[in-house]
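Asker: Dumping the structure here so I can ask a few things about it.
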Amino acid sequence: MNVKQKTLASSFTIQGRGLHTGVDVTMNFLPAPINHGFKFKRIDLENQPIIEADVDLVIDTSRGTLLQKNGARIGTIEHALAALLGMDLDNVLIEVNNEEAPIIDGSSIYFVNAIEKAGIAEQEAEREYFVIKEKIEIYDEKSGSHIVALPDDDYRLNVTISFKSEVLNNQFATLNSIKDFKTEIASCRTFVFLRELEFLLNHNLVKGGDLENAIVIIDKDISQAELDRLADLFHHKHVEVKPQGILNNLELHFDNECARHKLLDVIGDLALCGKHIKGRIIASKPGHGPNTMFAKALKKSIVLAEESAPDYDPGKTPILDINQIKDLLPHRYPFLLVDKIIAKSDNEIIGIKNVTFNEQFFRGHFPNEPVMPGVLLVEAMAQTGGLLVLSQLEGKFSTYFVRIDNVKFRRKVVPGDTLIFKLNLVSPIRRGIANMKGITYVGGKIVAEGEFMAQIVKQNEIS
């Protein structure tokens, strides 16, 4: 089942203080066009630079995830990104007037509620998932974190946390479907050990922290006088310790809220790989450092998957057979160069041609060393791309290629080869112009590629 991309139906605003910087910040979340992704715009800086939600822009993960591009920064973005992805969005522009996202209550629930109120709009383009097909794994020796991705038909997560603490030792959290993010994960707040708070203050961190935006865990003996002194540092009323070892200023939403919050962080950090995921993530002792390390591994796998040949099962019924292709394309022997279409979506098509020695062009190219002419490889890609466009239109149309760029030939095509053509729209069709990128494979190797611009023209009906 094809899923459409989604954006906000209307804009909304979130205001608050940055956890570490203490700065007052306003974030405006705006609808964005298809294939835009999640991007931050620093409207307080000259030229209002854009910072993409891209793992390659991560520069620090010590107390949150910090992105930087050309000197412009935005930090602690993981809770907002988790909300956007958890609420099934694809394209949002986030205007921000300072260098850190607001911490609010330390969870994603304020973002989620605002998204619900703003509404979600479906867009006219298909979502491209990163489908986990084989195990992807990292192990971080420094932290002891181990993260694995396995094949699954939904986005599911299992997270285990472990601390040397009698109060918070081992906890486990599971999200059986990303659809349950709002009810199971969004409200789960960040947590901190009391012994860390004064250290963080003394090192110019948590300037925007207070006892309302984190679960504060006490796992060592502390006097009430010391508690009062720390409360005064945060300008908070005096509090006491609950029997389970947390401060009495808030109630837990779940017994395993800390593990659930770590799962929330994993979702937010892995959003930086750039795609929605279909797979199961199993994370032991996750943190922003290991999470972003794993996001880089996912992004690398995404790039490899995009460059790899599509799966081809010769026995599977095609989407379009040769007779259906002839209904769409005007080409005929000896110039019809696509045998069948095996996959098609709104912006991608995959075609097949079986090359035999009986091809007419081998008579002269070349009699003693048959090689398929490169110009015909280009034509075959163009015909496949034409089928992508024409199959979506009602009535009689033709595609005329008006420009071809960056064509490369990487190896010879000879009799016996099976060509796999993959054509993708690189931008929406506008004013009758389609821009596509094409790649031709034999086996798992690229043999040719190029970029195509085609004009779509309606033909007069012939009675």
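Going by the structure tokens order, chains are called A, B, ..., each with residues numbered from 1, while ligands are numbered from 1 in the order shown.
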Write out as a count of residues only the residues lying within 12 Å of Gly432 (chain A), counting only C-alpha atoms and excluding same-chain residues fewer than 2 positions away.

Answerer: 20

Asker: DSSP on the backbone: what in region 258-318 of chain A comes out helix (DSSP H, G or I), as a count of residues only?

Answerer: 36

Asker: What is the CA of Tyr110 (chain A) to CA of Ala80 (chain A) distance in Å?

Answerer: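 We find that CA of Tyr110 (chain A) and CA of Ala80 (chain A) lie 9.1 Å from each other.
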
Asker: What are the DSSP strand (DSSP E or B) residues of region 50-154 of chain A, as number ranges by chain?

Answerer: A: 50-52, 58-60, 66-69, 72-75, 91-96, 100, 102, 120-126, 129-131, 136-140, 145-150

Asker: For region 85-93 of chain A, work out the shell of residues within 8 Å, counting only C-alpha atoms and skipping chain neighbours fewer than 2 positions away, then give it as a ChimeraX atom specification.

Answerer: /A:5-8,29-41,81-83,95,112,115,120,127,178-179,181-182,267-268,271,276

Asker: Grab the residues selected above and save them as a JSON list (two decimals), in the first residue's frame with C-alpha atoms.

Answerer:
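Written file, part_22.json:
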[["chain", "number", "residue", "atom", "x", "y", "z"],
["A", 5, "GLN", "CA", 3.81, 12.35, 2.14],
["A", 6, "LYS", "CA", 2.30, 14.60, 4.79],
["A", 7, "THR", "CA", 2.81, 18.12, 6.07],
["A", 8, "LEU", "CA", 1.03, 20.41, 8.52],
["A", 29, "PHE", "CA", 6.34, 25.10, 12.61],
["A", 30, "LEU", "CA", 5.21, 25.70, 9.03],
["A", 31, "PRO", "CA", 3.83, 23.52, 6.21],
["A", 32, "ALA", "CA", 6.45, 22.62, 3.59],
["A", 33, "PRO", "CA", 6.32, 21.23, 0.03],
["A", 34, "ILE", "CA", 6.88, 17.63, -0.97],
["A", 35, "ASN", "CA", 10.39, 16.18, -0.61],
["A", 36, "HIS", "CA", 11.33, 19.07, 1.68],
["A", 37, "GLY", "CA", 11.98, 17.02, 4.79],
["A", 38, "PHE", "CA", 12.50, 18.61, 8.20],
["A", 39, "LYS", "CA", 14.55, 21.81, 8.18],
["A", 40, "PHE", "CA", 15.37, 24.51, 10.72],
["A", 41, "LYS", "CA", 15.58, 28.17, 9.71],
["A", 81, "LEU", "CA", 11.94, 15.64, 15.62],
["A", 82, "ALA", "CA", 10.53, 12.65, 17.51],
["A", 83, "ALA", "CA", 7.13, 14.38, 17.58],
["A", 95, "GLU", "CA", 11.62, 28.79, 12.04],
["A", 112, "VAL", "CA", 2.37, 16.43, 19.57],
["A", 115, "ILE", "CA", 0.51, 19.13, 15.67],
["A", 120, "ILE", "CA", -2.10, 17.12, 9.05],
["A", 127, "ARG", "CA", 6.60, 8.61, 0.81],
["A", 178, "ILE", "CA", 5.14, 4.02, 15.55],
["A", 179, "LYS", "CA", 1.38, 4.69, 15.31],
["A", 181, "PHE", "CA", 3.88, 7.15, 19.67],
["A", 182, "LYS", "CA", 1.36, 9.71, 20.98],
["A", 267, "ILE", "CA", 13.22, 8.09, 17.39],
["A", 268, "GLY", "CA", 14.25, 11.77, 17.31],
["A", 271, "ALA", "CA", 14.97, 10.89, 12.15],
["A", 276, "HIS", "CA", 10.78, 6.99, 7.64]]

Asker: Please provide as a ChimeraX atom specification all residues within 12 Å of Ala448 (chain A), with the sequence filter that same-chain residues fewer than 5 positions apart are discarded (counting only C-alpha atoms).

Answerer: /A:372-381,406-413,419-423,437-442

Asker: Got time to write the residues from that selection, N, CA and C atoms, as a PDB file, in the first residue's frame?

Answerer:
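Printed below is out_30.pdb as written:
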ATOM      1  N   MET A 372      25.985  -3.219 -27.377  1.00  0.00           N
ATOM      2  CA  MET A 372      24.811  -2.365 -27.515  1.00  0.00           C
ATOM      3  C   MET A 372      25.230  -0.901 -27.534  1.00  0.00           C
ATOM      4  N   PRO A 373      24.809  -0.136 -28.542  1.00  0.00           N
ATOM      5  CA  PRO A 373      25.202   1.280 -28.615  1.00  0.00           C
ATOM      6  C   PRO A 373      24.734   2.067 -27.392  1.00  0.00           C
ATOM      7  N   GLY A 374      25.602   2.951 -26.923  1.00  0.00           N
ATOM      8  CA  GLY A 374      25.256   3.770 -25.764  1.00  0.00           C
ATOM      9  C   GLY A 374      24.037   4.622 -26.012  1.00  0.00           C
ATOM     10  N   VAL A 375      23.857   5.116 -27.236  1.00  0.00           N
ATOM     11  CA  VAL A 375      22.712   5.966 -27.524  1.00  0.00           C
ATOM     12  C   VAL A 375      21.402   5.203 -27.343  1.00  0.00           C
ATOM     13  N   LEU A 376      21.436   3.880 -27.566  1.00  0.00           N
ATOM     14  CA  LEU A 376      20.229   3.087 -27.365  1.00  0.00           C
ATOM     15  C   LEU A 376      19.967   2.819 -25.887  1.00  0.00           C
ATOM     16  N   LEU A 377      21.022   2.751 -25.083  1.00  0.00           N
ATOM     17  CA  LEU A 377      20.819   2.668 -23.635  1.00  0.00           C
ATOM     18  C   LEU A 377      20.131   3.933 -23.128  1.00  0.00           C
ATOM     19  N   VAL A 378      20.566   5.080 -23.661  1.00  0.00           N
ATOM     20  CA  VAL A 378      19.923   6.345 -23.291  1.00  0.00           C
ATOM     21  C   VAL A 378      18.469   6.343 -23.741  1.00  0.00           C
ATOM     22  N   GLU A 379      18.221   5.876 -24.966  1.00  0.00           N
ATOM     23  CA  GLU A 379      16.849   5.830 -25.479  1.00  0.00           C
ATOM     24  C   GLU A 379      15.972   4.888 -24.653  1.00  0.00           C
ATOM     25  N   ALA A 380      16.525   3.752 -24.238  1.00  0.00           N
ATOM     26  CA  ALA A 380      15.756   2.799 -23.432  1.00  0.00           C
ATOM     27  C   ALA A 380      15.388   3.410 -22.084  1.00  0.00           C
ATOM     28  N   MET A 381      16.327   4.146 -21.458  1.00  0.00           N
ATOM     29  CA  MET A 381      16.000   4.833 -20.209  1.00  0.00           C
ATOM     30  C   MET A 381      14.935   5.888 -20.435  1.00  0.00           C
ATOM     31  N   ASN A 406      24.670  14.783 -18.047  1.00  0.00           N
ATOM     32  CA  ASN A 406      25.475  13.934 -17.158  1.00  0.00           C
ATOM     33  C   ASN A 406      25.349  12.448 -17.475  1.00  0.00           C
ATOM     34  N   VAL A 407      25.349  12.133 -18.773  1.00  0.00           N
ATOM     35  CA  VAL A 407      25.291  10.727 -19.181  1.00  0.00           C
ATOM     36  C   VAL A 407      26.661  10.090 -19.001  1.00  0.00           C
ATOM     37  N   LYS A 408      26.658   8.888 -18.383  1.00  0.00           N
ATOM     38  CA  LYS A 408      27.902   8.150 -18.176  1.00  0.00           C
ATOM     39  C   LYS A 408      27.677   6.693 -18.531  1.00  0.00           C
ATOM     40  N   PHE A 409      28.671   6.113 -19.193  1.00  0.00           N
ATOM     41  CA  PHE A 409      28.652   4.689 -19.510  1.00  0.00           C
ATOM     42  C   PHE A 409      29.782   4.027 -18.736  1.00  0.00           C
ATOM     43  N   ARG A 410      29.442   2.991 -17.975  1.00  0.00           N
ATOM     44  CA  ARG A 410      30.418   2.397 -17.057  1.00  0.00           C
ATOM     45  C   ARG A 410      30.947   1.047 -17.524  1.00  0.00           C
ATOM     46  N   ARG A 411      30.198   0.341 -18.361  1.00  0.00           N
ATOM     47  CA  ARG A 411      30.668  -0.943 -18.882  1.00  0.00           C
ATOM     48  C   ARG A 411      29.858  -1.315 -20.118  1.00  0.00           C
ATOM     49  N   LYS A 412      30.358  -2.289 -20.872  1.00  0.00           N
ATOM     50  CA  LYS A 412      29.689  -2.716 -22.099  1.00  0.00           C
ATOM     51  C   LYS A 412      28.428  -3.514 -21.774  1.00  0.00           C
ATOM     52  N   VAL A 413      27.447  -3.414 -22.692  1.00  0.00           N
ATOM     53  CA  VAL A 413      26.256  -4.265 -22.652  1.00  0.00           C
ATOM     54  C   VAL A 413      26.340  -5.190 -23.856  1.00  0.00           C
ATOM     55  N   LEU A 419      18.922  -5.989 -18.811  1.00  0.00           N
ATOM     56  CA  LEU A 419      19.017  -4.597 -18.373  1.00  0.00           C
ATOM     57  C   LEU A 419      17.866  -4.274 -17.429  1.00  0.00           C
ATOM     58  N   ILE A 420      18.210  -3.627 -16.312  1.00  0.00           N
ATOM     59  CA  ILE A 420      17.205  -3.136 -15.368  1.00  0.00           C
ATOM     60  C   ILE A 420      17.306  -1.613 -15.355  1.00  0.00           C
ATOM     61  N   PHE A 421      16.213  -0.949 -15.750  1.00  0.00           N
ATOM     62  CA  PHE A 421      16.181   0.511 -15.796  1.00  0.00           C
ATOM     63  C   PHE A 421      15.428   1.034 -14.572  1.00  0.00           C
ATOM     64  N   LYS A 422      16.048   1.964 -13.850  1.00  0.00           N
ATOM     65  CA  LYS A 422      15.361   2.629 -12.733  1.00  0.00           C
ATOM     66  C   LYS A 422      15.329   4.126 -13.003  1.00  0.00           C
ATOM     67  N   LEU A 423      14.125   4.673 -13.142  1.00  0.00           N
ATOM     68  CA  LEU A 423      13.922   6.104 -13.409  1.00  0.00           C
ATOM     69  C   LEU A 423      13.149   6.730 -12.257  1.00  0.00           C
ATOM     70  N   LYS A 437      15.939  11.199 -13.234  1.00  0.00           N
ATOM     71  CA  LYS A 437      17.266  10.601 -13.223  1.00  0.00           C
ATOM     72  C   LYS A 437      17.112   9.120 -13.531  1.00  0.00           C
ATOM     73  N   GLY A 438      17.962   8.616 -14.434  1.00  0.00           N
ATOM     74  CA  GLY A 438      17.875   7.219 -14.829  1.00  0.00           C
ATOM     75  C   GLY A 438      19.175   6.480 -14.580  1.00  0.00           C
ATOM     76  N   ILE A 439      19.041   5.221 -14.162  1.00  0.00           N
ATOM     77  CA  ILE A 439      20.191   4.344 -13.966  1.00  0.00           C
ATOM     78  C   ILE A 439      19.871   3.004 -14.616  1.00  0.00           C
ATOM     79  N   THR A 440      20.847   2.450 -15.317  1.00  0.00           N
ATOM     80  CA  THR A 440      20.704   1.128 -15.921  1.00  0.00           C
ATOM     81  C   THR A 440      21.679   0.172 -15.255  1.00  0.00           C
ATOM     82  N   TYR A 441      21.163  -1.001 -14.870  1.00  0.00           N
ATOM     83  CA  TYR A 441      21.972  -2.016 -14.192  1.00  0.00           C
ATOM     84  C   TYR A 441      22.021  -3.288 -15.028  1.00  0.00           C
ATOM     85  N   VAL A 442      23.128  -4.002 -14.894  1.00  0.00           N
ATOM     86  CA  VAL A 442      23.205  -5.411 -15.282  1.00  0.00           C
ATOM     87  C   VAL A 442      23.692  -6.154 -14.049  1.00  0.00           C
TER      88      VAL A 442
END

Asker: Can you work out which one of A:Ala125, A:Ile59, A:Leu150, A:Leu194 has the shortest atom-to-atom distance to Ile282 (chain A), counting only C-alpha atoms?

Answerer: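 Closest residue, counting only C-alpha atoms: A:Leu150.
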
Asker: I need the residue nearest Gly274 (chain A) from this list: A:Ala53, A:Ile319, A:Ile77, A:Leu337. Use only C-alpha atoms for the distance.

Answerer: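 With only C-alpha atoms as the atom set, the closest residue is A:Ala53.
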
Asker: Find the spatial neighbours of Asn2 (chain A), counting only C-alpha atoms, within a cut-off of 12 Å - ignore same-chain residues fewer than 4 positions away - and output them as a PyMOL selection string.

Answerer: chain A and resi 124-129+344-347

Asker: List as a list of chain:residue names the protein and nucleic acid residues near region 295-309 of chain A, meaning an atom at most 6 Å away when only C-alpha atoms are counted, but skip any in the same chain fewer than 5 places from it.

Answerer: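 Contacts, in chain order: A:Leu270, A:Cys273, A:Gly444.
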
Asker: What would the file look like if the residues just selected were written as a PDB file, in the first residue's frame with N, CA and C atoms?

Answerer:
ATOM      1  N   LEU A 270      17.220   9.185  15.209  1.00  0.00           N
ATOM      2  CA  LEU A 270      17.235   8.411  13.963  1.00  0.00           C
ATOM      3  C   LEU A 270      16.467   9.107  12.844  1.00  0.00           C
ATOM      4  N   CYS A 273      18.420  10.384   9.807  1.00  0.00           N
ATOM      5  CA  CYS A 273      18.847   9.601   8.638  1.00  0.00           C
ATOM      6  C   CYS A 273      18.099  10.040   7.392  1.00  0.00           C
ATOM      7  N   GLY A 444      24.187  -6.537 -10.405  1.00  0.00           N
ATOM      8  CA  GLY A 444      24.239  -5.514  -9.367  1.00  0.00           C
ATOM      9  C   GLY A 444      25.086  -4.322  -9.744  1.00  0.00           C
TER      10      GLY A 444
END

Asker: I'd like to know which of A:Asp339, A:Asp140, A:Glu99, A:Asp105 is closest to His288 (chain A), using only C-alpha atoms.

Answerer: A:Asp140
